[in-house]
$ cat coords25.txt   # compact mmCIF, C-alpha atoms
# COMPACT_ATOMS: atom_id res chain seq x y z
CA MET A 1315 -2.51 -36.13 42.54
CA ARG A 1316 -3.36 -32.75 40.98
CA MET A 1317 -3.40 -29.75 43.24
CA LYS A 1318 -6.80 -28.15 43.47
CA ILE A 1319 -6.62 -24.47 42.48
CA PRO A 1320 -9.12 -22.25 44.24
CA GLU A 1321 -11.23 -19.78 42.31
CA LEU A 1322 -9.58 -16.45 41.67
CA SER A 1323 -10.73 -14.08 44.39
CA ARG A 1324 -11.45 -10.46 43.65
CA GLU A 1325 -8.56 -9.48 45.90
CA LYS A 1326 -6.12 -11.78 44.17
CA GLU A 1327 -7.19 -10.55 40.77
CA THR A 1328 -6.67 -6.96 41.87
CA LEU A 1329 -3.20 -7.83 43.15
CA ILE A 1330 -2.24 -9.48 39.86
CA LEU A 1331 -3.59 -6.65 37.71
CA ASN A 1332 -1.92 -4.01 39.92
CA ALA A 1333 1.44 -5.73 39.70
CA ALA A 1334 1.12 -6.24 35.96
CA GLN A 1335 -0.02 -2.67 35.38
CA SER A 1336 2.99 -1.21 37.20
CA ARG A 1337 5.39 -3.43 35.29
CA PHE A 1338 3.79 -2.84 31.88
CA ALA A 1339 3.81 0.90 32.47
CA VAL A 1340 7.53 0.92 33.21
CA TYR A 1341 8.90 -1.81 30.94
CA GLY A 1342 6.30 -2.26 28.22
CA LEU A 1343 4.44 -5.42 27.36
CA THR A 1344 7.27 -7.30 25.66
CA LYS A 1345 9.88 -6.95 28.42
CA VAL A 1346 7.68 -8.14 31.28
CA THR A 1347 7.59 -11.90 31.99
CA MET A 1348 4.93 -14.02 33.61
CA ASP A 1349 7.56 -15.09 36.18
CA GLU A 1350 8.05 -11.53 37.31
CA ILE A 1351 4.34 -10.96 37.75
CA ALA A 1352 3.95 -14.25 39.64
CA GLU A 1353 6.83 -13.29 41.90
CA ASP A 1354 5.43 -9.80 42.52
CA VAL A 1355 2.23 -11.27 43.90
CA GLY A 1356 3.85 -14.23 45.66
CA MET A 1357 2.00 -16.74 43.53
CA GLY A 1358 3.15 -19.94 41.89
CA LYS A 1359 3.73 -19.58 38.16
CA ALA A 1360 1.41 -22.52 37.49
CA SER A 1361 -1.45 -20.87 39.35
CA LEU A 1362 -0.94 -17.61 37.49
CA TYR A 1363 -1.06 -19.47 34.17
CA TYR A 1364 -4.21 -21.18 35.33
CA TYR A 1365 -6.00 -17.87 35.77
CA PHE A 1366 -4.31 -16.05 32.91
CA PRO A 1367 -3.13 -18.44 30.18
CA THR A 1368 -1.09 -15.71 28.43
CA LYS A 1369 0.50 -12.38 29.17
CA GLU A 1370 -1.94 -10.83 26.72
CA ASP A 1371 -4.78 -12.04 28.93
CA ILE A 1372 -3.34 -10.13 31.85
CA PHE A 1373 -2.82 -7.08 29.69
CA ARG A 1374 -6.39 -7.35 28.53
CA GLY A 1375 -7.50 -7.48 32.15
CA VAL A 1376 -5.49 -4.35 32.92
CA ILE A 1377 -7.01 -2.41 30.04
CA GLN A 1378 -10.52 -3.60 30.82
CA ARG A 1379 -10.18 -2.49 34.40
CA GLU A 1380 -8.90 0.93 33.33
CA GLN A 1381 -11.83 1.32 30.98
CA GLN A 1382 -14.34 0.38 33.68
CA GLU A 1383 -12.67 2.76 36.11
CA PHE A 1384 -12.85 5.48 33.47
CA LEU A 1385 -16.57 4.94 32.85
CA ARG A 1386 -17.29 4.75 36.58
CA ARG A 1387 -15.55 8.05 37.24
CA MET A 1388 -17.23 9.73 34.29
CA HIS A 1389 -20.59 8.54 35.56
CA VAL A 1390 -19.91 10.15 38.95
CA VAL A 1391 -18.79 13.53 37.59
CA VAL A 1392 -21.66 13.73 35.12
CA GLU A 1393 -24.44 12.75 37.50
CA GLY A 1394 -23.71 15.66 39.79
CA LYS A 1395 -24.62 18.22 37.11
CA SER A 1396 -28.06 19.74 36.77
CA THR A 1397 -28.43 20.38 33.01
CA ALA A 1398 -27.60 18.37 29.92
CA GLY A 1399 -25.29 21.18 28.81
CA LYS A 1400 -23.31 21.04 32.05
CA LYS A 1401 -23.20 17.25 31.82
CA LEU A 1402 -21.87 17.28 28.30
CA GLU A 1403 -19.32 19.97 29.06
CA THR A 1404 -18.14 18.09 32.14
CA TYR A 1405 -17.92 14.81 30.27
CA VAL A 1406 -15.79 16.23 27.50
CA ARG A 1407 -13.54 18.27 29.78
CA GLN A 1408 -13.00 15.44 32.25
CA ARG A 1409 -12.47 12.95 29.45
CA VAL A 1410 -9.47 14.74 28.05
CA LYS A 1411 -8.01 15.16 31.52
CA LEU A 1412 -8.61 11.58 32.60
CA ALA A 1413 -7.48 10.08 29.32
CA SER A 1414 -3.97 11.41 29.72
CA GLN A 1415 -3.61 9.93 33.22
CA LEU A 1416 -5.53 6.76 33.02
CA LEU A 1417 -6.12 5.20 29.66
CA ASN A 1418 -3.80 3.13 27.57
CA LEU A 1419 -1.17 2.87 30.26
CA SER A 1420 0.00 6.21 29.06
CA SER A 1421 3.68 5.54 29.75
CA LEU A 1422 3.70 2.80 27.15
CA SER A 1423 5.25 4.20 24.02
CA HIS A 1424 2.63 4.99 21.45
CA ASN A 1425 4.56 3.05 18.84
CA SER A 1426 4.38 -0.26 20.66
CA TRP A 1427 0.84 0.63 21.56
CA SER A 1428 -0.29 1.00 17.94
CA ALA A 1429 1.30 -2.33 17.13
CA LEU A 1430 -0.62 -3.95 19.97
CA LYS A 1431 -3.95 -2.35 19.39
CA PRO A 1432 -5.37 -4.69 16.73
CA VAL A 1433 -5.21 -7.58 19.22
CA PHE A 1434 -7.43 -5.67 21.61
CA LYS A 1435 -9.68 -4.13 19.02
CA ASP A 1436 -12.83 -5.69 20.49
CA LEU A 1437 -12.07 -4.08 23.85
CA PHE A 1438 -11.76 -0.68 22.27
CA ASN A 1439 -14.90 -1.12 20.25
CA CYS A 1440 -16.88 -2.06 23.34
CA PHE A 1441 -15.46 0.89 25.20
CA ALA A 1442 -16.33 3.28 22.36
CA GLU A 1443 -19.86 1.90 22.36
CA GLU A 1444 -20.18 2.56 26.07
CA GLU A 1445 -18.95 6.12 25.66
CA CYS A 1446 -21.34 6.62 22.77
CA LYS A 1447 -24.23 5.48 24.93
CA VAL A 1448 -23.36 7.92 27.72
CA LEU A 1449 -23.02 10.84 25.29
CA THR A 1450 -26.23 9.93 23.49
CA ARG A 1451 -28.11 9.68 26.78
CA ILE A 1452 -27.01 13.19 27.78
CA ILE A 1453 -27.96 14.61 24.39
CA ARG A 1454 -31.33 12.88 24.45
CA GLU A 1455 -31.96 14.40 27.86
CA GLY A 1456 -31.10 17.83 26.46
CA LYS A 1457 -33.45 17.28 23.56
CA ARG A 1458 -36.27 16.22 25.89
CA THR A 1459 -35.84 19.30 28.07
CA SER A 1460 -35.62 21.50 24.92
CA GLU A 1461 -32.17 22.56 25.97
CA PHE A 1462 -30.68 21.18 22.76
CA SER A 1463 -31.87 21.36 19.21
CA VAL A 1464 -30.84 18.00 17.78
CA ALA A 1465 -32.35 15.78 15.09
CA VAL A 1466 -30.82 12.39 15.92
CA PRO A 1467 -29.13 12.21 19.35
CA GLU A 1468 -27.22 9.01 18.42
CA LYS A 1469 -25.58 10.74 15.46
CA THR A 1470 -24.56 13.74 17.52
CA GLY A 1471 -23.23 11.54 20.33
CA GLN A 1472 -21.18 9.58 17.85
CA LEU A 1473 -19.91 12.75 16.21
CA ILE A 1474 -18.66 14.13 19.52
CA LEU A 1475 -16.88 10.88 20.34
CA HIS A 1476 -15.30 10.75 16.88
CA VAL A 1477 -14.11 14.34 17.13
CA LEU A 1478 -12.51 13.67 20.52
CA GLN A 1479 -10.89 10.43 19.33
CA GLY A 1480 -9.72 12.15 16.16
CA MET A 1481 -8.18 15.15 17.89
CA ARG A 1482 -6.19 12.79 20.05
CA LEU A 1483 -5.08 10.66 17.10
CA ARG A 1484 -4.00 13.72 15.16
CA LEU A 1485 -1.91 14.84 18.10
CA ILE A 1486 -0.29 11.41 18.36
CA ARG A 1487 0.54 11.50 14.66
CA ASP A 1488 1.93 15.01 14.72
CA SER A 1489 3.95 14.51 17.85
CA GLY A 1490 5.74 11.58 16.27
CA HIS A 1491 4.18 9.17 18.75
CA SER A 1492 5.80 10.70 21.81
CA ILE A 1493 3.29 12.95 23.52
CA SER A 1494 4.70 15.46 25.98
CA LYS A 1495 2.95 17.24 28.84
CA GLN A 1496 2.85 20.32 26.66
CA HIS A 1497 1.07 18.36 23.92
CA TYR A 1498 -1.56 17.24 26.41
CA GLU A 1499 -2.10 20.80 27.56
CA GLU A 1500 -2.54 21.88 23.96
CA LEU A 1501 -5.05 19.06 23.42
CA GLU A 1502 -6.91 20.13 26.56
CA ARG A 1503 -7.16 23.74 25.46
CA GLU A 1504 -8.33 22.74 22.01
CA THR A 1505 -10.90 20.31 23.42
CA PHE A 1506 -12.24 23.00 25.75
CA LEU A 1507 -12.63 25.39 22.83
CA PHE A 1508 -14.37 22.69 20.80
CA ILE A 1509 -16.96 21.86 23.42
CA ASP A 1510 -17.58 25.53 24.17
CA VAL A 1511 -18.47 26.32 20.55
CA PHE A 1512 -20.22 23.01 19.96
CA LEU A 1513 -22.44 23.32 23.03
CA HIS A 1514 -23.55 26.74 21.90
CA GLY A 1515 -24.23 25.18 18.51
CA LEU A 1516 -26.45 22.54 20.08
CA SER A 1517 -28.57 25.11 21.89
CA GLN A 1518 -32.07 25.87 20.64
CA ARG A 1519 -32.08 27.90 17.46
CA GLU A 1520 -34.37 30.87 17.12
CA ASN A 1521 -36.13 29.87 13.95
CA MET B 804 31.60 17.16 -25.04
CA ARG B 805 28.69 17.22 -22.57
CA MET B 806 25.22 17.47 -23.98
CA LYS B 807 23.47 20.64 -22.92
CA ILE B 808 20.19 19.86 -21.20
CA PRO B 809 17.51 22.50 -21.68
CA GLU B 810 15.59 23.87 -18.73
CA LEU B 811 12.55 21.87 -17.73
CA SER B 812 9.56 23.44 -19.44
CA ARG B 813 6.24 23.67 -17.67
CA GLU B 814 4.74 21.33 -20.29
CA LYS B 815 7.45 18.73 -19.82
CA GLU B 816 7.11 18.88 -16.06
CA THR B 817 3.37 18.35 -16.35
CA LEU B 818 3.92 15.36 -18.63
CA ILE B 819 6.36 13.77 -16.19
CA LEU B 820 4.15 14.35 -13.16
CA ASN B 821 1.06 13.07 -15.00
CA ALA B 822 2.82 9.89 -16.04
CA ALA B 823 4.25 9.35 -12.57
CA GLN B 824 0.94 10.04 -10.89
CA SER B 825 -0.89 7.45 -12.97
CA ARG B 826 1.76 4.83 -12.32
CA PHE B 827 2.03 5.53 -8.59
CA ALA B 828 -1.73 5.38 -8.24
CA VAL B 829 -1.88 1.94 -9.85
CA TYR B 830 1.35 0.28 -8.72
CA GLY B 831 2.42 2.23 -5.62
CA LEU B 832 5.67 4.05 -5.11
CA THR B 833 7.97 1.05 -4.69
CA LYS B 834 6.99 -0.85 -7.82
CA VAL B 835 7.37 2.04 -10.27
CA THR B 836 10.81 2.57 -11.80
CA MET B 837 12.43 5.70 -13.19
CA ASP B 838 12.86 3.83 -16.51
CA GLU B 839 9.13 3.36 -16.83
CA ILE B 840 8.42 7.01 -16.18
CA ALA B 841 11.13 8.10 -18.65
CA GLU B 842 9.67 5.76 -21.26
CA ASP B 843 6.11 7.01 -20.65
CA VAL B 844 7.12 10.56 -21.49
CA GLY B 845 9.57 9.62 -24.28
CA MET B 846 12.52 11.09 -22.43
CA GLY B 847 16.05 9.82 -21.97
CA LYS B 848 16.64 8.37 -18.52
CA ALA B 849 19.64 10.67 -18.03
CA SER B 850 17.53 13.75 -18.67
CA LEU B 851 14.84 12.57 -16.24
CA TYR B 852 17.48 12.04 -13.55
CA TYR B 853 18.81 15.50 -14.30
CA TYR B 854 15.48 17.09 -13.44
CA PHE B 855 14.45 14.64 -10.73
CA PRO B 856 17.46 13.01 -9.05
CA THR B 857 15.30 10.43 -7.25
CA LYS B 858 11.90 8.82 -7.53
CA GLU B 859 10.98 10.48 -4.25
CA ASP B 860 11.56 13.85 -5.91
CA ILE B 861 8.98 12.99 -8.55
CA PHE B 862 6.58 11.75 -5.92
CA ARG B 863 7.11 14.96 -3.98
CA GLY B 864 6.31 16.89 -7.16
CA VAL B 865 3.10 14.92 -7.61
CA ILE B 866 1.93 15.56 -4.06
CA GLN B 867 2.86 19.22 -4.20
CA ARG B 868 0.89 19.66 -7.38
CA GLU B 869 -2.14 17.94 -5.85
CA GLN B 870 -1.95 20.20 -2.84
CA GLN B 871 -1.72 23.34 -4.97
CA GLU B 872 -4.63 22.16 -7.07
CA PHE B 873 -6.61 21.51 -3.91
CA LEU B 874 -5.95 25.00 -2.53
CA ARG B 875 -6.70 26.61 -5.88
CA ARG B 876 -10.06 24.86 -6.15
CA MET B 877 -10.94 25.68 -2.57
CA HIS B 878 -10.12 29.30 -3.20
CA VAL B 879 -12.50 29.36 -6.14
CA VAL B 880 -15.44 27.73 -4.34
CA VAL B 881 -15.04 29.90 -1.27
CA GLU B 882 -14.68 33.23 -3.03
CA GLY B 883 -18.07 32.88 -4.68
CA LYS B 884 -19.89 32.97 -1.34
CA SER B 885 -21.30 36.11 0.22
CA THR B 886 -20.99 35.53 3.99
CA ALA B 887 -18.26 34.12 6.20
CA GLY B 888 -20.69 31.45 7.34
CA LYS B 889 -21.36 30.30 3.78
CA LYS B 890 -17.62 30.37 3.04
CA LEU B 891 -16.78 28.24 6.04
CA GLU B 892 -19.57 25.79 5.33
CA THR B 893 -18.51 25.50 1.70
CA TYR B 894 -14.85 25.05 2.60
CA VAL B 895 -15.54 22.23 5.03
CA ARG B 896 -18.08 20.47 2.80
CA GLN B 897 -15.95 20.71 -0.32
CA ARG B 898 -12.83 19.71 1.57
CA VAL B 899 -14.21 16.33 2.59
CA LYS B 900 -15.48 15.72 -0.95
CA LEU B 901 -12.27 16.77 -2.67
CA ALA B 902 -10.00 15.01 -0.22
CA SER B 903 -11.38 11.62 -1.14
CA GLN B 904 -10.80 12.20 -4.86
CA LEU B 905 -7.68 14.21 -4.96
CA LEU B 906 -5.33 14.07 -2.05
CA ASN B 907 -2.76 11.50 -1.18
CA LEU B 908 -3.17 9.58 -4.43
CA SER B 909 -6.08 7.95 -2.79
CA SER B 910 -5.63 4.63 -4.54
CA LEU B 911 -2.32 4.12 -2.78
CA SER B 912 -2.91 1.78 0.10
CA HIS B 913 -3.05 3.66 3.37
CA ASN B 914 -0.52 1.32 4.87
CA SER B 915 2.23 2.11 2.41
CA TRP B 916 1.14 5.71 2.65
CA SER B 917 1.67 5.92 6.41
CA ALA B 918 5.11 4.41 5.98
CA LEU B 919 5.96 7.06 3.39
CA LYS B 920 4.52 10.03 5.15
CA PRO B 921 7.42 10.94 7.45
CA VAL B 922 9.63 11.58 4.39
CA PHE B 923 7.19 14.19 3.16
CA LYS B 924 6.31 15.63 6.54
CA ASP B 925 7.46 19.13 5.57
CA LEU B 926 5.05 19.11 2.61
CA PHE B 927 2.13 18.21 4.83
CA ASN B 928 3.06 20.77 7.43
CA CYS B 929 3.20 23.50 4.79
CA PHE B 930 -0.12 22.38 3.41
CA ALA B 931 -1.73 22.38 6.87
CA GLU B 932 -0.39 25.90 7.41
CA GLU B 933 -1.97 27.05 4.17
CA GLU B 934 -5.30 25.53 5.10
CA CYS B 935 -5.09 27.11 8.54
CA LYS B 936 -4.54 30.51 6.93
CA VAL B 937 -7.58 30.17 4.70
CA LEU B 938 -9.81 29.06 7.59
CA THR B 939 -8.49 31.80 9.86
CA ARG B 940 -9.08 34.42 7.17
CA ILE B 941 -12.71 33.36 6.82
CA ILE B 942 -13.25 33.38 10.58
CA ARG B 943 -11.58 36.76 10.94
CA GLU B 944 -13.93 38.09 8.27
CA GLY B 945 -16.91 36.71 10.19
CA LYS B 946 -15.64 38.32 13.37
CA ARG B 947 -15.21 41.68 11.62
CA THR B 948 -18.73 41.60 10.23
CA SER B 949 -20.07 40.48 13.65
CA GLU B 950 -21.36 37.32 12.05
CA PHE B 951 -19.23 35.17 14.37
CA SER B 952 -18.52 35.48 18.04
CA VAL B 953 -14.91 34.36 18.30
CA ALA B 954 -12.11 35.33 20.68
CA VAL B 955 -9.01 34.28 18.69
CA PRO B 956 -9.69 33.46 15.01
CA GLU B 957 -6.34 31.60 14.64
CA LYS B 958 -7.27 29.19 17.43
CA THR B 959 -10.69 28.50 15.96
CA GLY B 960 -9.25 28.03 12.47
CA GLN B 961 -6.72 25.57 13.81
CA LEU B 962 -9.38 23.75 15.80
CA ILE B 963 -11.54 23.24 12.71
CA LEU B 964 -8.59 21.91 10.73
CA HIS B 965 -7.60 19.58 13.55
CA VAL B 966 -11.13 18.26 13.88
CA LEU B 967 -11.30 17.55 10.14
CA GLN B 968 -7.89 15.90 10.07
CA GLY B 969 -8.76 13.90 13.17
CA MET B 970 -12.09 12.63 11.87
CA ARG B 971 -10.32 11.37 8.79
CA LEU B 972 -7.53 9.73 10.78
CA ARG B 973 -10.00 8.02 13.06
CA LEU B 974 -11.81 6.63 10.05
CA ILE B 975 -8.53 5.34 8.59
CA ARG B 976 -7.70 3.66 11.87
CA ASP B 977 -11.11 2.10 12.33
CA SER B 978 -11.40 0.92 8.76
CA GLY B 979 -8.14 -0.98 9.10
CA HIS B 980 -6.44 1.28 6.55
CA SER B 981 -8.69 0.35 3.67
CA ILE B 982 -11.31 3.02 3.23
CA SER B 983 -14.33 2.07 1.18
CA LYS B 984 -16.77 4.32 -0.64
CA GLN B 985 -19.22 3.71 2.17
CA HIS B 986 -16.67 4.91 4.70
CA TYR B 987 -16.21 8.11 2.76
CA GLU B 988 -19.94 8.68 2.66
CA GLU B 989 -20.09 8.18 6.41
CA LEU B 990 -17.23 10.66 6.85
CA GLU B 991 -19.05 13.16 4.63
CA ARG B 992 -22.28 12.91 6.58
CA GLU B 993 -20.47 13.28 9.87
CA THR B 994 -18.47 16.26 8.60
CA PHE B 995 -21.66 17.94 7.40
CA LEU B 996 -23.25 17.47 10.81
CA PHE B 997 -20.14 18.84 12.50
CA ILE B 998 -20.00 22.04 10.47
CA ASP B 999 -23.73 22.58 10.81
CA VAL B 1000 -23.61 22.51 14.62
CA PHE B 1001 -20.25 24.27 14.82
CA LEU B 1002 -21.33 27.15 12.56
CA HIS B 1003 -24.37 27.73 14.71
CA GLY B 1004 -22.01 27.67 17.69
CA LEU B 1005 -19.86 30.38 16.16
CA SER B 1006 -22.80 32.70 15.60
CA GLN B 1007 -23.22 35.75 17.84
CA ARG B 1008 -24.40 34.87 21.33
CA GLU B 1009 -27.18 36.83 22.93
CA ASN B 1010 -25.42 37.85 26.11
$ encode --input "coords25.txt" --output "structure tokens"
Amino acid sequence: MRMKIPELSREKETLILNAAQSRFAVYGLTKVTMDEIAEDVGMGKASLYYYFPTKEDIFRGVIQREQQEFLRRMHVVVEGKSTAGKKLETYVRQRVKLASQLLNLSSLSHNSWSALKPVFKDLFNCFAEEECKVLTRIIREGKRTSEFSVAVPEKTGQLILHVLQGMRLRLIRDSGHSISKQHYEELERETFLFIDVFLHGLSQREN
Amino acid sequence: MRMKIPELSREKETLILNAAQSRFAVYGLTKVTMDEIAEDVGMGKASLYYYFPTKEDIFRGVIQREQQEFLRRMHVVVEGKSTAGKKLETYVRQRVKLASQLLNLSSLSHNSWSALKPVFKDLFNCFAEEECKVLTRIIREGKRTSEFSVAVPEKTGQLILHVLQGMRLRLIRDSGHSISKQHYEELERETFLFIDVFLHGLSQREN
């Protein structure tokens, strides 16, 4: 007789993803086994496999949750601001701060991370699309209130996202894939300078 | 009796680098042999080895020459402009155009290129420093003439370079290391939008 496996509860899922996240962050994806994760959450290995057929599925779950958490937090910080300019500034400043703590399981070495990335490309594309939407919405608001002088809000939203992604990538390349606290501080300062000049550039022009 | 080898003339060096450049661009670094290059320029293999002990030395020579050519051309296009704003705009616009034709032997696949890059890291760092100097000089000029409102020209020069490098890197990553003509056009448009907004952002603020 086959054992009936109950549906995965929200609580159980959280437990699994928490355990996996801690292990991945310390040991990296390759060194962590499904047995260890099952043991961490006091679950039979068979049940774990039932919910997550592969380790990559768990990893995917971890990343997805981080991305959702990121977007949720960004939504909260942005909504509290009164003008589109303040919203955009807050988004960009908080993004660079949050990204170093939260995204990509930052303790994972960037080398193993780049090797992994293609497998999760769809996740990152979806995430980029979500970020693009938020940025575009803020810029459209600024255009509507005549705070910003912008031709195509989508293009400007995309540009900002690409600049932020690019500055981070450049740093990763130049730091030889091991980013230190100092590197992050440098990235923060540079990002702050960027959004300061860029925001002024978006403001209504005289003629 | 040892044969006396004459000093490498400028003409001979140009011939060697031209031949090597064409071969590298078509076949990549690994598939080209020193014999082939020697044969292309009608030179004894021993003499070629005398001037360039390894294939990497020739490749280094090719890159270095491309970089110098790039800086020389940029100098020419920038000097013709009357204001710092026009200079900066021209630099950034021409840079993205030139980079796709000239730098990095663009026909070399970006995969093999990333593998190679660490060996030539010093070359790229020097080149980045040179670009930074040019950008900083333009921004300093704009600050002096009160065209720009800038606190530290070096920081802004570096920021612009980092943004341009980053936008390119992001494109390389997202295009799966094979950049099409369409990708380059997209990068151009985005770079033009960036410098348009950024230049306005650098302009004197009212208060």
$ atom_distance --input "coords25.txt" --atom1 "atom CA of B:Glu839" --atom2 "atom CA of B:Arg826"
8.8 Å
$ closest_atom_pairs --input "coords25.txt" --of "chain A" --to "chain B" --cutoff "6 Å" --atoms "only C-alpha atoms" --output "Markdown table"
| residue | atom | partner | partner_atom | distance |
| --- | --- | --- | --- | --- |
| A:Val1477 | CA | B:Met970 | CA | 5.9 |
| A:Gly1480 | CA | B:Gly969 | CA | 3.6 |
| A:Met1481 | CA | B:Gly969 | CA | 4.9 |
| A:Arg1484 | CA | B:Gly969 | CA | 5.2 |
| A:Val1511 | CA | B:Gly1004 | CA | 4.7 |
| A:Phe1512 | CA | B:Phe1001 | CA | 5.3 |
| A:His1514 | CA | B:Gly1004 | CA | 4.6 |
| A:Gly1515 | CA | B:Gly1004 | CA | 3.4 |
$ residues_around --input "coords25.txt" --residues "B:Glu933" --least-positions-apart "4" --cutoff "12 Å" --atoms "all atoms listed in the file" --output "ChimeraX atom specification"
/B:870-871,873-875,877-878,926-929,937-940,960-961,964
$ closest_residue --input "coords25.txt" --among "A:Ala1398, A:Arg1409, A:Asp1436, A:Phe1441" --to "A:Phe1462" --atoms "only C-alpha atoms"
A:Ala1398
$ residues_around --input "coords25.txt" --residues "B:Thr893" --least-positions-apart "2" --cutoff "10 Å" --atoms "only C-alpha atoms" --output "list in words"
Met877, Val880, Val881, Glu882, Gly883, Lys884, Ala887, Gly888, Lys889, Lys890, Leu891, Val895, Arg896, Gln897, Arg898, Phe995 and Ile998 of chain B
$ atom_distance --input "coords25.txt" --atom1 "atom CA of B:Glu934" --atom2 "atom CA of B:Glu816"
25.4 Å
$ residues_around --input "coords25.txt" --residues "stretch 1358-1369 of chain A" --least-positions-apart "5" --cutoff "10 Å" --atoms "all atoms listed in the file" --output "list in words"
Met1317, Lys1318, Ile1319, Pro1320, Glu1321, Leu1322, Glu1327, Ile1330, Ala1334, Leu1343, Thr1344, Val1346, Thr1347, Met1348, Asp1349, Glu1350, Ile1351, Ala1352, Glu1353, Arg1374 and Gly1375 of chain A
$ write_last_selection --input "coords25.txt" --atoms "C-alpha atoms" --output "mmCIF file, keeping the file's coordinate frame"
data_model
loop_
_atom_site.group_PDB
_atom_site.id
_atom_site.type_symbol
_atom_site.label_atom_id
_atom_site.label_comp_id
_atom_site.auth_asym_id
_atom_site.auth_seq_id
_atom_site.Cartn_x
_atom_site.Cartn_y
_atom_site.Cartn_z
ATOM 1 C CA MET A 1317 -3.400 -29.750 43.240
ATOM 2 C CA LYS A 1318 -6.800 -28.150 43.470
ATOM 3 C CA ILE A 1319 -6.620 -24.470 42.480
ATOM 4 C CA PRO A 1320 -9.120 -22.250 44.240
ATOM 5 C CA GLU A 1321 -11.230 -19.780 42.310
ATOM 6 C CA LEU A 1322 -9.580 -16.450 41.670
ATOM 7 C CA GLU A 1327 -7.190 -10.550 40.770
ATOM 8 C CA ILE A 1330 -2.240 -9.480 39.860
ATOM 9 C CA ALA A 1334 1.120 -6.240 35.960
ATOM 10 C CA LEU A 1343 4.440 -5.420 27.360
ATOM 11 C CA THR A 1344 7.270 -7.300 25.660
ATOM 12 C CA VAL A 1346 7.680 -8.140 31.280
ATOM 13 C CA THR A 1347 7.590 -11.900 31.990
ATOM 14 C CA MET A 1348 4.930 -14.020 33.610
ATOM 15 C CA ASP A 1349 7.560 -15.090 36.180
ATOM 16 C CA GLU A 1350 8.050 -11.530 37.310
ATOM 17 C CA ILE A 1351 4.340 -10.960 37.750
ATOM 18 C CA ALA A 1352 3.950 -14.250 39.640
ATOM 19 C CA GLU A 1353 6.830 -13.290 41.900
ATOM 20 C CA ARG A 1374 -6.390 -7.350 28.530
ATOM 21 C CA GLY A 1375 -7.500 -7.480 32.150
#
$ atom_distance --input "coords25.txt" --atom1 "atom CA of A:Glu1443" --atom2 "atom CA of B:Ser983"
21.9 Å
$ closest_residue --input "coords25.txt" --among "A:Val1355, A:Tyr1498, A:Gln1378, A:Thr1397" --to "A:Arg1458" --atoms "all atoms listed in the file"
A:Thr1397
